[in-house]
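One structure below.
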Amino acid sequence: MRLQSLLGVLLLLTGCQGTQENQTDKKPNDIASTKQSDENKRTLSNMKGWELRSWNEDGRWYFSFLAGTNRLKSADEVLSGKMDLDSLKLKLEQLKEGEMIFWGSPRIDGFINLMPPKHISQEIRAHCVKLNLKI
């Protein structure tokens with residue numbers, strides 16, 4: 001009986017030691033890079049959603065992407081986040097799935113939100129659908 005108990009303890013300790021070896025087989029750089037890549041994926045979230053603004057300037061379409069709040073944004077605030085379509089898509093790819101985006105709003109002093117042509121707005125909406133974002 002005592003021999004069986006001793007064998008059981010030895011097996012248990014051997015199994016635990018094997019687990020430690022498996023954990024130390026990973027290099028610290030591998031662990032850090034995996035953790036970092038997970039952190040870089042779709043981490044943006046906002047309880048009040050996101051505000052998307054669009055406007056035309058000299059024949060080109062620009063966008064501003066702001067965190068939703070309970071207050072109106074100033075024209076300076078909207079225009080300071082100016083980005084092109086490709087930059088907007090990259091920004092959208094940082095949002096967590098299921099995030100809500102509100103496109104457009106009432107007129108702001110010094111800024112009028114305009115909707116881009118149908119092919120551009122469809123491209124943005126399709127990108128949001130692909131990313132499981134609500135727009």
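By convention here, the chains of the structure tokens are called A, B, ... in the order presented, each chain's residues are numbered starting at 1, and ligands are numbered starting at 1 in the order presented.
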Using DSSP on the backbone, list every residue of region 32-134 of chain A that comes out as alpha helix (DSSP H), and give them as an MDAnalysis selection string.
-> chainID A and resid 32:40 75:80 85:92 118:130
If you count only C-alpha atoms, which residues fall within 12 Å of Pro117 (chain A), apart from same-chain ones fewer than 3 positions away, as number ranges by chain?
-> A: 54-56, 59-61, 114, 120-124
Skip region 39-50 of chain A itself and residues of its chain fewer than 4 positions away, then list as a ChimeraX atom specification all residues within 9 Å of it, counting only C-alpha atoms.
-> /A:34-35,65-70,92-97,99-103
Go ahead and dump the residues you just picked, N, CA and C atoms, as a JSON list (two decimals), in the first residue's frame.
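Full text of again-v3.json as output:
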```
[["chain", "number", "residue", "atom", "x", "y", "z"],
["A", 34, "THR", "N", 2.98, 37.19, -29.37],
["A", 34, "THR", "CA", 1.62, 36.69, -29.45],
["A", 34, "THR", "C", 0.68, 37.59, -28.66],
["A", 35, "LYS", "N", 1.11, 37.97, -27.47],
["A", 35, "LYS", "CA", 0.31, 38.85, -26.63],
["A", 35, "LYS", "C", 0.12, 40.20, -27.30],
["A", 65, "PHE", "N", -13.66, 60.53, -37.88],
["A", 65, "PHE", "CA", -14.19, 59.45, -37.07],
["A", 65, "PHE", "C", -13.95, 59.79, -35.61],
["A", 66, "LEU", "N", -15.03, 60.05, -34.89],
["A", 66, "LEU", "CA", -14.93, 60.54, -33.51],
["A", 66, "LEU", "C", -15.69, 59.65, -32.54],
["A", 67, "ALA", "N", -15.24, 59.61, -31.32],
["A", 67, "ALA", "CA", -15.97, 58.88, -30.27],
["A", 67, "ALA", "C", -17.29, 59.59, -30.01],
["A", 68, "GLY", "N", -18.35, 58.81, -29.86],
["A", 68, "GLY", "CA", -19.66, 59.37, -29.58],
["A", 68, "GLY", "C", -19.71, 59.96, -28.18],
["A", 69, "THR", "N", -20.42, 61.08, -28.06],
["A", 69, "THR", "CA", -20.58, 61.74, -26.76],
["A", 69, "THR", "C", -21.99, 62.31, -26.70],
["A", 70, "ASN", "N", -22.32, 62.94, -25.61],
["A", 70, "ASN", "CA", -23.63, 63.58, -25.46],
["A", 70, "ASN", "C", -23.59, 65.05, -25.85],
["A", 92, "LEU", "N", -11.64, 51.68, -39.07],
["A", 92, "LEU", "CA", -12.77, 50.79, -38.82],
["A", 92, "LEU", "C", -12.29, 49.39, -38.42],
["A", 93, "GLU", "N", -11.18, 48.97, -38.97],
["A", 93, "GLU", "CA", -10.64, 47.64, -38.67],
["A", 93, "GLU", "C", -10.11, 47.52, -37.24],
["A", 94, "GLN", "N", -10.00, 48.63, -36.53],
["A", 94, "GLN", "CA", -9.55, 48.62, -35.14],
["A", 94, "GLN", "C", -10.71, 48.46, -34.16],
["A", 95, "LEU", "N", -11.94, 48.61, -34.65],
["A", 95, "LEU", "CA", -13.10, 48.56, -33.76],
["A", 95, "LEU", "C", -13.47, 47.12, -33.42],
["A", 96, "LYS", "N", -13.91, 46.93, -32.20],
["A", 96, "LYS", "CA", -14.42, 45.62, -31.80],
["A", 96, "LYS", "C", -15.68, 45.30, -32.59],
["A", 97, "GLU", "N", -15.92, 44.03, -32.80],
["A", 97, "GLU", "CA", -17.14, 43.61, -33.49],
["A", 97, "GLU", "C", -18.36, 44.12, -32.75],
["A", 99, "GLU", "N", -19.60, 47.14, -32.74],
["A", 99, "GLU", "CA", -19.61, 48.57, -32.42],
["A", 99, "GLU", "C", -20.61, 49.30, -33.33],
["A", 100, "MET", "N", -21.20, 50.35, -32.79],
["A", 100, "MET", "CA", -22.22, 51.14, -33.50],
["A", 100, "MET", "C", -21.59, 52.42, -34.06],
["A", 101, "ILE", "N", -21.88, 52.68, -35.33],
["A", 101, "ILE", "CA", -21.38, 53.89, -35.98],
["A", 101, "ILE", "C", -22.57, 54.71, -36.47],
["A", 102, "PHE", "N", -22.58, 55.98, -36.12],
["A", 102, "PHE", "CA", -23.63, 56.91, -36.55],
["A", 102, "PHE", "C", -23.02, 57.83, -37.60],
["A", 103, "TRP", "N", -23.57, 57.78, -38.81],
["A", 103, "TRP", "CA", -23.00, 58.55, -39.91],
["A", 103, "TRP", "C", -23.84, 59.78, -40.15]]
```
